[in-house]
Every structure is written in structure tokens, then in C-alpha cells.
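Novice: Below is the file structure34.txt, with compact mmCIF, C-alpha atoms.
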# COMPACT_ATOMS: atom_id res chain seq x y z
CA MET A 651 23.29 -70.16 22.60
CA ALA A 652 25.64 -68.32 20.24
CA THR A 653 28.07 -71.24 20.37
CA LEU A 654 25.29 -73.68 19.46
CA VAL A 655 24.25 -71.51 16.50
CA ARG A 656 27.86 -71.45 15.37
CA ALA A 657 28.03 -75.24 15.69
CA LEU A 658 24.92 -75.62 13.51
CA LYS A 659 26.69 -73.64 10.79
CA LEU A 660 29.89 -75.67 11.03
CA VAL A 661 28.29 -79.13 10.95
CA PRO A 662 26.81 -80.50 7.69
CA PRO A 663 23.05 -79.78 7.47
CA ALA A 664 21.98 -83.43 7.57
CA GLU A 665 24.01 -84.06 10.72
CA SER A 666 22.73 -80.87 12.36
CA LEU A 667 19.14 -81.91 11.64
CA SER A 668 19.77 -85.32 13.19
CA PHE A 669 20.89 -83.71 16.47
CA ILE A 670 17.83 -81.44 16.48
CA PHE A 671 15.51 -84.32 15.59
CA PHE A 672 16.77 -86.55 18.40
CA ALA A 673 16.67 -83.70 20.91
CA VAL A 674 13.01 -83.01 20.09
CA LEU A 675 12.02 -86.70 19.92
CA LYS A 676 13.72 -87.66 23.17
CA SER A 677 12.31 -84.58 24.91
CA ALA A 678 8.81 -85.71 23.89
CA LEU A 679 9.52 -89.18 25.29
CA ALA A 680 10.81 -87.64 28.52
CA GLY A 681 7.68 -85.49 28.76
CA ALA A 682 5.43 -88.53 28.45
CA GLY A 683 7.54 -90.37 31.01
CA LEU A 684 7.58 -87.55 33.55
CA GLN A 685 3.83 -86.97 33.20
CA THR A 686 3.18 -90.68 33.87
CA PHE A 687 5.68 -90.83 36.72
CA PHE A 688 4.20 -87.83 38.55
CA ALA A 689 0.67 -89.13 37.96
CA GLY A 690 1.65 -92.31 39.76
CA ALA A 691 3.80 -90.72 42.45
CA THR A 692 1.45 -87.86 43.37
CA GLY A 693 -2.01 -89.21 42.49
CA SER A 694 -4.65 -89.75 45.15
CA GLY A 695 -4.08 -93.50 45.12
CA GLY A 696 -0.41 -93.33 44.25
CA TRP A 697 0.99 -96.30 42.39
CA THR A 698 -1.62 -98.52 44.05
CA SER A 699 -4.35 -97.22 41.75
CA ALA A 700 -4.78 -98.02 38.06
CA ILE A 701 -3.29 -95.42 35.70
CA GLU A 702 -4.19 -95.40 32.02
CA VAL A 703 -1.45 -94.11 29.71
CA SER A 704 -2.74 -92.72 26.44
CA ARG A 705 -0.83 -94.29 23.51
CA GLY A 706 1.45 -96.07 25.98
CA ARG A 707 2.54 -98.85 23.63
CA LYS A 708 3.16 -96.36 20.82
CA TRP A 709 5.50 -94.37 23.10
CA LEU A 710 7.40 -97.56 23.88
CA TRP A 711 7.73 -98.59 20.22
CA LEU A 712 8.93 -95.10 19.37
CA TYR A 713 11.60 -95.44 22.04
CA VAL A 714 12.61 -98.90 20.77
CA ALA A 715 13.02 -97.57 17.22
CA MET A 716 15.10 -94.69 18.52
CA GLN A 717 17.32 -97.06 20.50
CA GLY A 718 17.90 -99.09 17.37
CA ILE A 719 19.26 -95.99 15.65
CA ASP A 720 21.29 -95.06 18.73
CA THR A 721 22.84 -98.53 18.83
CA TRP A 722 23.80 -98.29 15.16
CA GLN A 723 25.38 -94.86 15.76
CA ALA A 724 27.24 -96.16 18.81
CA LEU A 725 28.69 -99.01 16.73
CA ARG A 726 29.59 -96.72 13.84
CA GLN A 727 31.27 -94.16 16.10
CA ARG A 728 32.89 -96.85 18.28
CA TYR A 729 31.39 -95.76 21.58
CA GLY A 730 32.37 -97.60 24.76
CA TRP A 731 30.83 -100.90 25.85
CA SER A 732 28.67 -99.22 28.51
CA SER A 733 26.91 -97.11 25.88
CA LEU A 734 26.23 -100.13 23.68
CA LEU A 735 24.96 -102.14 26.65
CA HIS A 736 22.66 -99.31 27.70
CA HIS A 737 21.08 -98.95 24.25
CA PHE A 738 20.74 -102.69 23.71
CA ALA A 739 19.33 -103.51 27.16
CA THR A 740 16.76 -100.71 27.26
CA GLY A 741 15.68 -101.23 23.66
CA CYS A 742 15.15 -104.98 24.08
CA GLY A 743 13.55 -104.62 27.51
CA LEU A 744 10.95 -102.07 26.44
CA ALA A 745 10.24 -104.00 23.23
CA VAL A 746 9.26 -107.00 25.37
CA ASP A 747 7.12 -104.73 27.58
CA ALA A 748 5.40 -103.26 24.52
CA LEU A 749 4.69 -106.72 23.11
CA PHE A 750 3.49 -108.52 26.21
CA GLY A 751 2.96 -105.95 28.94
CA SER A 752 -0.29 -105.47 30.85
CA ASN A 753 -1.60 -101.96 31.49
CA ARG A 754 0.36 -101.92 34.77
CA THR A 755 3.59 -102.95 33.06
CA ILE A 756 3.09 -100.44 30.25
CA THR A 757 2.51 -97.66 32.79
CA LEU A 758 5.75 -98.38 34.64
CA ALA A 759 7.66 -98.73 31.35
CA VAL A 760 6.40 -95.37 30.05
CA ALA A 761 7.29 -93.74 33.39
CA SER A 762 10.86 -94.97 32.89
CA LEU A 763 11.09 -92.80 29.76
CA SER A 764 11.67 -89.92 32.18
CA ASN A 765 15.33 -90.90 31.86
CA GLU A 766 15.41 -89.13 28.49
CA ALA A 767 15.27 -85.77 30.28
CA VAL A 768 19.04 -85.54 29.70
CA ALA A 769 18.57 -85.68 25.92
CA PRO A 770 18.52 -81.97 24.97
CA PHE A 771 21.83 -81.30 26.71
CA TYR A 772 23.40 -84.57 25.57
CA GLN A 773 22.46 -83.83 21.96
CA ALA A 774 23.73 -80.27 22.30
CA PHE A 775 27.07 -81.60 23.52
CA GLY A 776 27.17 -84.04 20.62
CA LEU A 777 26.57 -81.18 18.19
CA LEU A 778 29.33 -79.08 19.75
CA LYS A 779 31.74 -82.01 19.63
CA ALA A 780 30.91 -82.66 15.95
CA ALA A 781 31.74 -79.00 15.25
CA ASN A 782 35.07 -79.30 17.10
CA LEU A 783 33.69 -77.11 19.88
CA GLY A 784 33.66 -79.86 22.49
CA GLU A 785 36.11 -78.03 24.76
CA THR A 786 34.21 -74.73 24.96
CA SER A 787 32.40 -73.34 28.00
CA ALA A 788 29.09 -74.17 26.31
CA ALA A 789 30.11 -77.83 26.09
CA LYS A 790 31.08 -77.75 29.76
CA ARG A 791 27.65 -76.41 30.72
CA CYS A 792 26.01 -79.19 28.71
CA VAL A 793 27.98 -81.86 30.58
CA GLN A 794 27.18 -80.18 33.91
CA ALA A 795 23.48 -80.20 33.00
CA VAL A 796 23.57 -83.89 32.04
CA VAL A 797 25.22 -84.79 35.36
CA ALA A 798 22.76 -82.65 37.33
CA ILE A 799 19.71 -84.19 35.61
CA THR A 800 21.14 -87.67 36.05
CA VAL A 801 21.42 -87.10 39.80
CA ALA A 802 18.16 -85.15 40.19
CA VAL A 803 15.90 -87.09 37.79
CA ARG A 804 17.32 -90.35 36.43
CA LEU A 805 18.55 -91.79 39.72
CA PRO A 806 15.43 -90.93 41.82
CA VAL A 807 13.07 -92.16 39.07
CA ALA A 808 14.99 -95.42 38.69
CA LEU A 809 15.03 -96.05 42.44
CA SER A 810 11.35 -95.16 42.78
CA LEU A 811 10.23 -97.42 39.93
CA GLY A 812 12.41 -100.23 41.22
CA LEU A 813 10.72 -99.90 44.61
CA VAL A 814 7.26 -99.91 42.98
CA ALA A 815 8.11 -103.06 41.00
CA ALA A 816 9.48 -104.75 44.12
CA LYS A 817 6.29 -103.90 46.05
CA ASP A 818 4.20 -105.28 43.18
CA LEU A 819 6.14 -108.54 43.35
CA ALA A 820 5.73 -108.75 47.14
CA ALA A 821 1.99 -108.06 46.88
CA PHE A 822 1.65 -110.61 44.10
CA ALA A 823 3.42 -113.28 46.15
CA ALA A 824 1.28 -112.50 49.21
CA ARG A 825 -1.85 -112.65 47.07
CA ARG A 826 -0.83 -116.02 45.67
CA ARG A 827 -0.36 -117.39 49.18
CA CYS A 828 -3.79 -116.13 50.19
CA GLN A 829 -5.33 -117.66 47.08
CA SER A 830 -3.71 -121.01 47.81
CA GLU A 831 -4.93 -120.99 51.40
CA SER A 832 -8.44 -119.92 50.35
CA LYS A 833 -8.70 -122.66 47.72
CA GLN A 834 -7.66 -125.23 50.28
CA ARG A 835 -10.61 -124.05 52.38
CA GLY A 836 -12.92 -124.07 49.35
CA HIS A 837 -13.10 -120.25 49.04
CA ARG A 838 -12.09 -117.85 46.26
CA LEU A 839 -10.71 -114.34 46.68
CA LYS A 840 -12.49 -111.61 44.76
CA GLY A 841 -10.44 -109.83 42.11
CA GLU A 842 -7.72 -112.45 41.78
CA ALA A 843 -8.04 -112.55 37.97
CA ARG A 844 -7.39 -108.82 37.75
CA VAL A 845 -4.32 -109.12 39.95
CA ASP A 846 -2.96 -111.97 37.84
CA GLU A 847 -3.55 -109.94 34.68
CA GLU A 848 -1.92 -106.70 35.79
CA VAL A 849 1.13 -107.92 37.72
CA GLN A 850 3.62 -109.83 35.57
CA PRO A 851 6.53 -111.21 37.63
CA TRP A 852 8.27 -112.58 34.54
CA LEU A 853 8.56 -109.00 33.27
CA LEU A 854 9.04 -107.24 36.62
CA VAL A 855 12.00 -109.34 37.78
CA PRO A 856 14.21 -108.56 34.73
CA SER A 857 12.98 -104.96 34.87
CA ILE A 858 14.29 -104.59 38.42
CA GLY A 859 17.59 -106.10 37.28
CA GLY A 860 17.66 -103.70 34.32
CA ILE A 861 17.08 -100.71 36.60
CA GLN A 862 20.03 -101.72 38.77
CA LEU A 863 22.15 -102.13 35.63
CA LEU A 864 21.28 -98.64 34.41
CA LEU A 865 22.08 -97.15 37.82
CA PHE A 866 25.47 -98.87 37.66
CA LEU A 867 26.12 -97.62 34.11
CA ASP A 868 25.18 -94.06 35.12
CA TYR A 869 27.58 -94.31 38.04
CA LEU A 870 30.37 -95.52 35.74
CA TRP A 871 29.66 -92.71 33.27
CA ILE A 872 29.71 -90.00 35.93
CA ARG A 873 32.80 -91.33 37.68
CA GLY A 874 34.76 -92.48 34.65
CA TRP A 875 34.01 -89.78 32.07
CA ALA A 876 31.91 -86.81 33.19
CA MET A 877 33.66 -85.86 36.44
CA PRO A 878 37.24 -86.25 35.09
CA LYS A 879 36.28 -84.16 32.06
CA LEU A 880 34.74 -81.44 34.24
CA ARG A 881 37.83 -81.38 36.48
CA ASN A 882 40.03 -80.89 33.38
CA TRP A 883 37.92 -77.87 32.41
CA THR A 884 38.46 -76.08 35.73
Let me see whether you can do it: turn the structure in this file into C-alpha cells.
Specialist:
Amino acid sequence: MATLVRALKLVPPAESLSFIFFAVLKSALAGAGLQTFFAGATGSGGWTSAIEVSRGRKWLWLYVAMQGIDTWQALRQRYGWSSLLHHFATGCGLAVDALFGSNRTITLAVASLSNEAVAPFYQAFGLLKAANLGETSAAKRCVQAVVAITVAVRLPVALSLGLVAAKDLAAFAARRRCQSESKQRGHRLKGEARVDEEVQPWLLVPSIGGIQLLLFLDYLWIRGWAMPKLRNWT
């Protein structure tokens, strides 16, 4: 903590405030995401029941705006291609969800905001680096925390949501087959309109692809930057 306080004094006030602002904002997004994720994962009906997310679209638009700023910073500071791809892909993907998503799609998208759980430690590391304290023990603990949260939160959430989306697609396809067979017999399945409204394959398919991309980028980050840096500290 003392090292972080020292960093706040060394970095220009406007830059220090930006680190604090993003840490608080992204923590709020992560809180909304984790609350939604656990509601779906541990609720009585699990992900099979309808879950209403209060201000779901507003959370997504807030995230999209934040990713726009992150992308600009990544370009200005010449971050690697994986960082740029991450910001661009998630920002565009959730913007489409916010614009066209059904309640089901919005719920899954908000749950994905759990990935921002790494933000406080990532912003703290950024602050230390800006203050030329990026090689201190405090910076090392920040990187360790980011790696630990990536493995304990980001990866399980991504895999779980990918599985939920895949099950939705399978159920949708099975439902369509049943509808086709029923119509051929002159019958109509109850509730088919609701199913068609909530499950959106044209959004779920790229979402599953996006989840796999983020898992790959996290793997590259851990293997190519975080672990070598931690080994150099020891």
C-alpha cells in the first residue's frame, strides 16, 4: 500500500486520477457481471430459467465506452497486437449485443463482464509502472494477482458461458426440428415464439468464437509476458 501511495505522488494528478477512475469503474462492471453469473449458475433453475438484469444494456454501453478509451490508450502507448485485438473485439461484440440482444443475450453478455475482476490489480500495476516502480515487490504482487484471477475467474467464467451458449444453440436447433415436424403434422408447439425471441443464434455463434479468442489471448498473455516477468523477479 505504501508503494502505491508513493506512486500516486510521483505520477501527475490527472494520470493518477485516471488509474483510480478505471479501477473503480471496471470493478463496478465486474461486480455486476459476477452477480449475474452467480445468479445464473447457482439459481434454482440455473441458466435454464429467465434472469432479468437490472440496467443490463446500460452496463454494456458503459463497458463499450470504456473499451473505446482503452483502445485509444493502447494505440497511443503502442501496446501489443493482442491488447488491441482484445479491446476491439470485446467492445464491438458487446455493442452489437446491447443494440440487438434479447433479454437472454443481454444476461449472458453482462455475466461476461466478470472478466473485469482483474482490473484493480491491473490498474495498480499500470500506476506503479507510470511512476517507474514497475520492478518493485508491489508490482510483482499485482501481476501475481492478475494471473491468479485470470485462472480462477476469467477462464472458468469464459468456459461456463461458452457452454451455456452452446447448449442454447443445441436446444434452439432441436426446437426448430420439432417445430418443423409438428407443422408438417398440422400442430404447433406452445411457446415457440418466446424461444425464437430469446435465443439468437446469429449473436451466439460469434460470441462463442469471441470467448475462444479471449481464452487464447489470455493464454498468450500469461505464457508470453506474465510468467517470464515473474520468473525474472525471483
Novice: So the first atom is atom CA of Leu679 of chain A and the second is atom CA of Leu763 of chain A; what is the distance between them in Å, to one decimal place?
Specialist: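 Atom CA of Leu763 of chain A lies at a distance of 6.0 Å from atom CA of Leu679 of chain A.
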Novice: Considering all atoms listed in the file, return as a list in words whatever protein or nucleic-acid residues lie within 9 Å of Lys790 of chain A, sequence-local ones (same chain, fewer than 3 positions apart) excluded.
Specialist: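 What passes the distance filter is Phe775, Gly784, Glu785, Thr786, Ser787, Val793, Gln794, Ala795, Lys879, Leu880 and Trp883 of chain A.
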Novice: When distances are computed from only C-alpha atoms, which of A:Arg881, A:Ser830, A:Leu744, A:Ala774 shows the smallest separation from Gly718 of chain A?
Specialist: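 For Gly718 of chain A, the nearest of the given residues is A:Leu744.
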Novice: Compute the distance from (5.7, -91.9, 36.1) to each atom, counting only C-alpha atoms, keep the residues with any atom at most 10 Å away, and return them as an MDAnalysis selection string; use the coordinates of the file.
Specialist: chainID A and resid 681:692 697 701 703 757:764 807 810:811
Novice: Just the residues within 9 Å of Leu813 of chain A, please, counting only C-alpha atoms, with nothing from its chain fewer than 5 positions along; format it as an mmCIF file with C-alpha atoms, keeping the file's coordinate frame.
Specialist:
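This is the output file around-v2.cif:
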data_model
loop_
_atom_site.group_PDB
_atom_site.id
_atom_site.type_symbol
_atom_site.label_atom_id
_atom_site.label_comp_id
_atom_site.auth_asym_id
_atom_site.auth_seq_id
_atom_site.Cartn_x
_atom_site.Cartn_y
_atom_site.Cartn_z
ATOM 1 C CA ALA A 808 14.990 -95.420 38.690
ATOM 2 C CA ASP A 818 4.200 -105.280 43.180
ATOM 3 C CA ILE A 858 14.290 -104.590 38.420
#
Novice: Smallest atom-to-atom distance to Ala680 of chain A: which of A:Ser704, A:Glu766, A:Gln773, A:Ala664, using all atoms listed in the file?
Specialist: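 For Ala680 of chain A, the nearest of the given residues is A:Glu766.
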Novice: From the set A:Cys742, A:Leu735, A:Leu863, A:Ala821, which residue has the shortest atom-to-atom contact distance to Ala715 of chain A, counting all atoms listed in the file?
Specialist: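 Closest residue, counting all atoms listed in the file: A:Cys742.
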Novice: Residues within 9 Å of Ala780 of chain A, please, as a PDB file with C-alpha atoms, in the frame of the given file. Count only C-alpha atoms; anything in the same chain fewer than 2 positions from it doesn't count.
Specialist:
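Ended up saving to part-v3.pdb:
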ATOM      1  CA  ALA A 657      28.030 -75.240  15.690  1.00  0.00           C
ATOM      2  CA  LEU A 660      29.890 -75.670  11.030  1.00  0.00           C
ATOM      3  CA  VAL A 661      28.290 -79.130  10.950  1.00  0.00           C
ATOM      4  CA  GLU A 665      24.010 -84.060  10.720  1.00  0.00           C
ATOM      5  CA  PHE A 775      27.070 -81.600  23.520  1.00  0.00           C
ATOM      6  CA  GLY A 776      27.170 -84.040  20.620  1.00  0.00           C
ATOM      7  CA  LEU A 777      26.570 -81.180  18.190  1.00  0.00           C
ATOM      8  CA  LEU A 778      29.330 -79.080  19.750  1.00  0.00           C
ATOM      9  CA  ASN A 782      35.070 -79.300  17.100  1.00  0.00           C
ATOM     10  CA  LEU A 783      33.690 -77.110  19.880  1.00  0.00           C
ATOM     11  CA  GLY A 784      33.660 -79.860  22.490  1.00  0.00           C
TER      12      GLY A 784
END
Novice: Enter the distance from atom CA of Ile799 of chain A to atom CA of Pro770 of chain A, in Å, rounded to one decimal.
Specialist: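 Atom CA of Ile799 of chain A sits 10.9 Å away from atom CA of Pro770 of chain A.
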Novice: Which of these, A:Ala739, A:Ala820, A:Leu725, A:Ile756, has the shortest distance to Arg707 of chain A once you count all atoms listed in the file?
Specialist: A:Ile756
Novice: Provide the atom CA of Val801 of chain A to atom CA of Ala767 of chain A distance in Å, to one decimal place.
Specialist: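 Atom-to-atom, atom CA of Val801 of chain A to atom CA of Ala767 of chain A, that is 11.4 Å.
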Novice: Once you count all atoms listed in the file, which residues end up no further than 7 Å from (4.4, -111.2, 40.6) in the file's frame, shown as a list in words?
Specialist: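 In the file's frame, the residues around the point are Asp818, Leu819, Phe822, Ala823, Val849, Gln850 and Pro851 of chain A.
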Novice: When you count only C-alpha atoms, which of these residues is closest to Ala816 of chain A: A:Cys792, A:Leu853, A:Ile719, A:Leu867?
Specialist: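 When distances to Ala816 of chain A are compared using only C-alpha atoms, the smallest one comes from A:Leu853.
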Novice: Let me have the centre and edge lengths in Å, one decimal, of the box along x, y and z around every listed atom of segment 741-754 of chain A with 4 Å of margin on each side, as JSON.
Specialist:
{"center_x": 7.0, "center_y": -104.9, "center_z": 28.9, "size_x": 25.3, "size_y": 15.3, "size_z": 19.7}
Novice: Let me make sure I understand: among A:Thr740, A:Gln717, A:Val797, A:Arg726, which one has the smallest atom-to-atom distance to Pro856 of chain A if we use all atoms listed in the file?
Specialist: A:Thr740
Novice: Model the absent atoms of segment 850-861 of chain A so that all heavy atoms are present, and write the result as a tab-separated table (two decimals), in the coordinates of the input.
Specialist:
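The resulting selection.tsv:
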chain	number	residue	atom	x	y	z
A	850	GLN	N	2.93	-108.82	36.38
A	850	GLN	CA	3.62	-109.83	35.57
A	850	GLN	C	5.04	-110.05	36.10
A	850	GLN	O	5.98	-109.39	35.67
A	850	GLN	CB	3.67	-109.38	34.11
A	850	GLN	CG	2.28	-109.19	33.48
A	850	GLN	CD	2.34	-108.55	32.11
A	850	GLN	OE1	2.79	-107.41	31.99
A	850	GLN	NE2	1.92	-109.27	31.09
A	851	PRO	N	5.20	-110.99	37.03
A	851	PRO	CA	6.53	-111.21	37.63
A	851	PRO	C	7.61	-111.50	36.60
A	851	PRO	O	8.76	-111.09	36.76
A	851	PRO	CB	6.30	-112.41	38.56
A	851	PRO	CG	4.84	-112.37	38.87
A	851	PRO	CD	4.17	-111.86	37.63
A	852	TRP	N	7.26	-112.22	35.54
A	852	TRP	CA	8.27	-112.58	34.54
A	852	TRP	C	8.79	-111.37	33.78
A	852	TRP	O	9.86	-111.44	33.14
A	852	TRP	CB	7.72	-113.63	33.58
A	852	TRP	CG	6.57	-113.17	32.74
A	852	TRP	CD1	5.27	-113.04	33.11
A	852	TRP	CD2	6.62	-112.77	31.36
A	852	TRP	NE1	4.50	-112.58	32.06
A	852	TRP	CE2	5.31	-112.41	30.97
A	852	TRP	CE3	7.65	-112.69	30.43
A	852	TRP	CZ2	5.00	-111.97	29.69
A	852	TRP	CZ3	7.34	-112.25	29.14
A	852	TRP	CH2	6.03	-111.90	28.78
A	853	LEU	N	8.06	-110.25	33.84
A	853	LEU	CA	8.56	-109.00	33.27
A	853	LEU	C	9.15	-108.10	34.35
A	853	LEU	O	10.10	-107.36	34.10
A	853	LEU	CB	7.43	-108.26	32.55
A	853	LEU	CG	6.96	-108.86	31.23
A	853	LEU	CD1	5.81	-108.04	30.65
A	853	LEU	CD2	8.10	-108.95	30.23
A	854	LEU	N	8.57	-108.12	35.55
A	854	LEU	CA	9.04	-107.24	36.62
A	854	LEU	C	10.43	-107.62	37.12
A	854	LEU	O	11.25	-106.74	37.42
A	854	LEU	CB	8.05	-107.25	37.79
A	854	LEU	CG	6.72	-106.53	37.56
A	854	LEU	CD1	5.83	-106.66	38.79
A	854	LEU	CD2	6.96	-105.05	37.24
A	855	VAL	N	10.70	-108.92	37.25
A	855	VAL	CA	12.00	-109.34	37.78
A	855	VAL	C	13.16	-108.86	36.89
A	855	VAL	O	14.10	-108.22	37.38
A	855	VAL	CB	12.04	-110.87	37.96
A	855	VAL	CG1	13.46	-111.33	38.29
A	855	VAL	CG2	11.08	-111.30	39.07
A	856	PRO	N	13.12	-109.11	35.56
A	856	PRO	CA	14.21	-108.56	34.73
A	856	PRO	C	14.21	-107.04	34.68
A	856	PRO	O	15.27	-106.43	34.51
A	856	PRO	CB	13.94	-109.16	33.34
A	856	PRO	CG	12.53	-109.62	33.35
A	856	PRO	CD	12.23	-109.99	34.76
A	857	SER	N	13.03	-106.43	34.86
A	857	SER	CA	12.98	-104.96	34.87
A	857	SER	C	13.74	-104.40	36.06
A	857	SER	O	14.47	-103.41	35.94
A	857	SER	CB	11.54	-104.48	34.91
A	857	SER	OG	10.86	-104.81	33.72
A	858	ILE	N	13.56	-105.03	37.23
A	858	ILE	CA	14.29	-104.59	38.42
A	858	ILE	C	15.80	-104.76	38.20
A	858	ILE	O	16.60	-103.88	38.53
A	858	ILE	CB	13.83	-105.37	39.66
A	858	ILE	CG1	12.37	-105.00	39.99
A	858	ILE	CG2	14.72	-105.08	40.86
A	858	ILE	CD1	11.77	-105.82	41.10
A	859	GLY	N	16.18	-105.89	37.60
A	859	GLY	CA	17.59	-106.10	37.28
A	859	GLY	C	18.10	-105.06	36.30
A	859	GLY	O	19.22	-104.55	36.43
A	860	GLY	N	17.28	-104.71	35.30
A	860	GLY	CA	17.66	-103.70	34.32
A	860	GLY	C	17.84	-102.33	34.95
A	860	GLY	O	18.75	-101.58	34.59
A	861	ILE	N	16.98	-102.01	35.90
A	861	ILE	CA	17.08	-100.71	36.60
A	861	ILE	C	18.41	-100.63	37.36
A	861	ILE	O	19.10	-99.60	37.32
A	861	ILE	CB	15.89	-100.52	37.55
A	861	ILE	CG1	14.62	-100.25	36.75
A	861	ILE	CG2	16.16	-99.37	38.53
A	861	ILE	CD1	13.35	-100.26	37.59
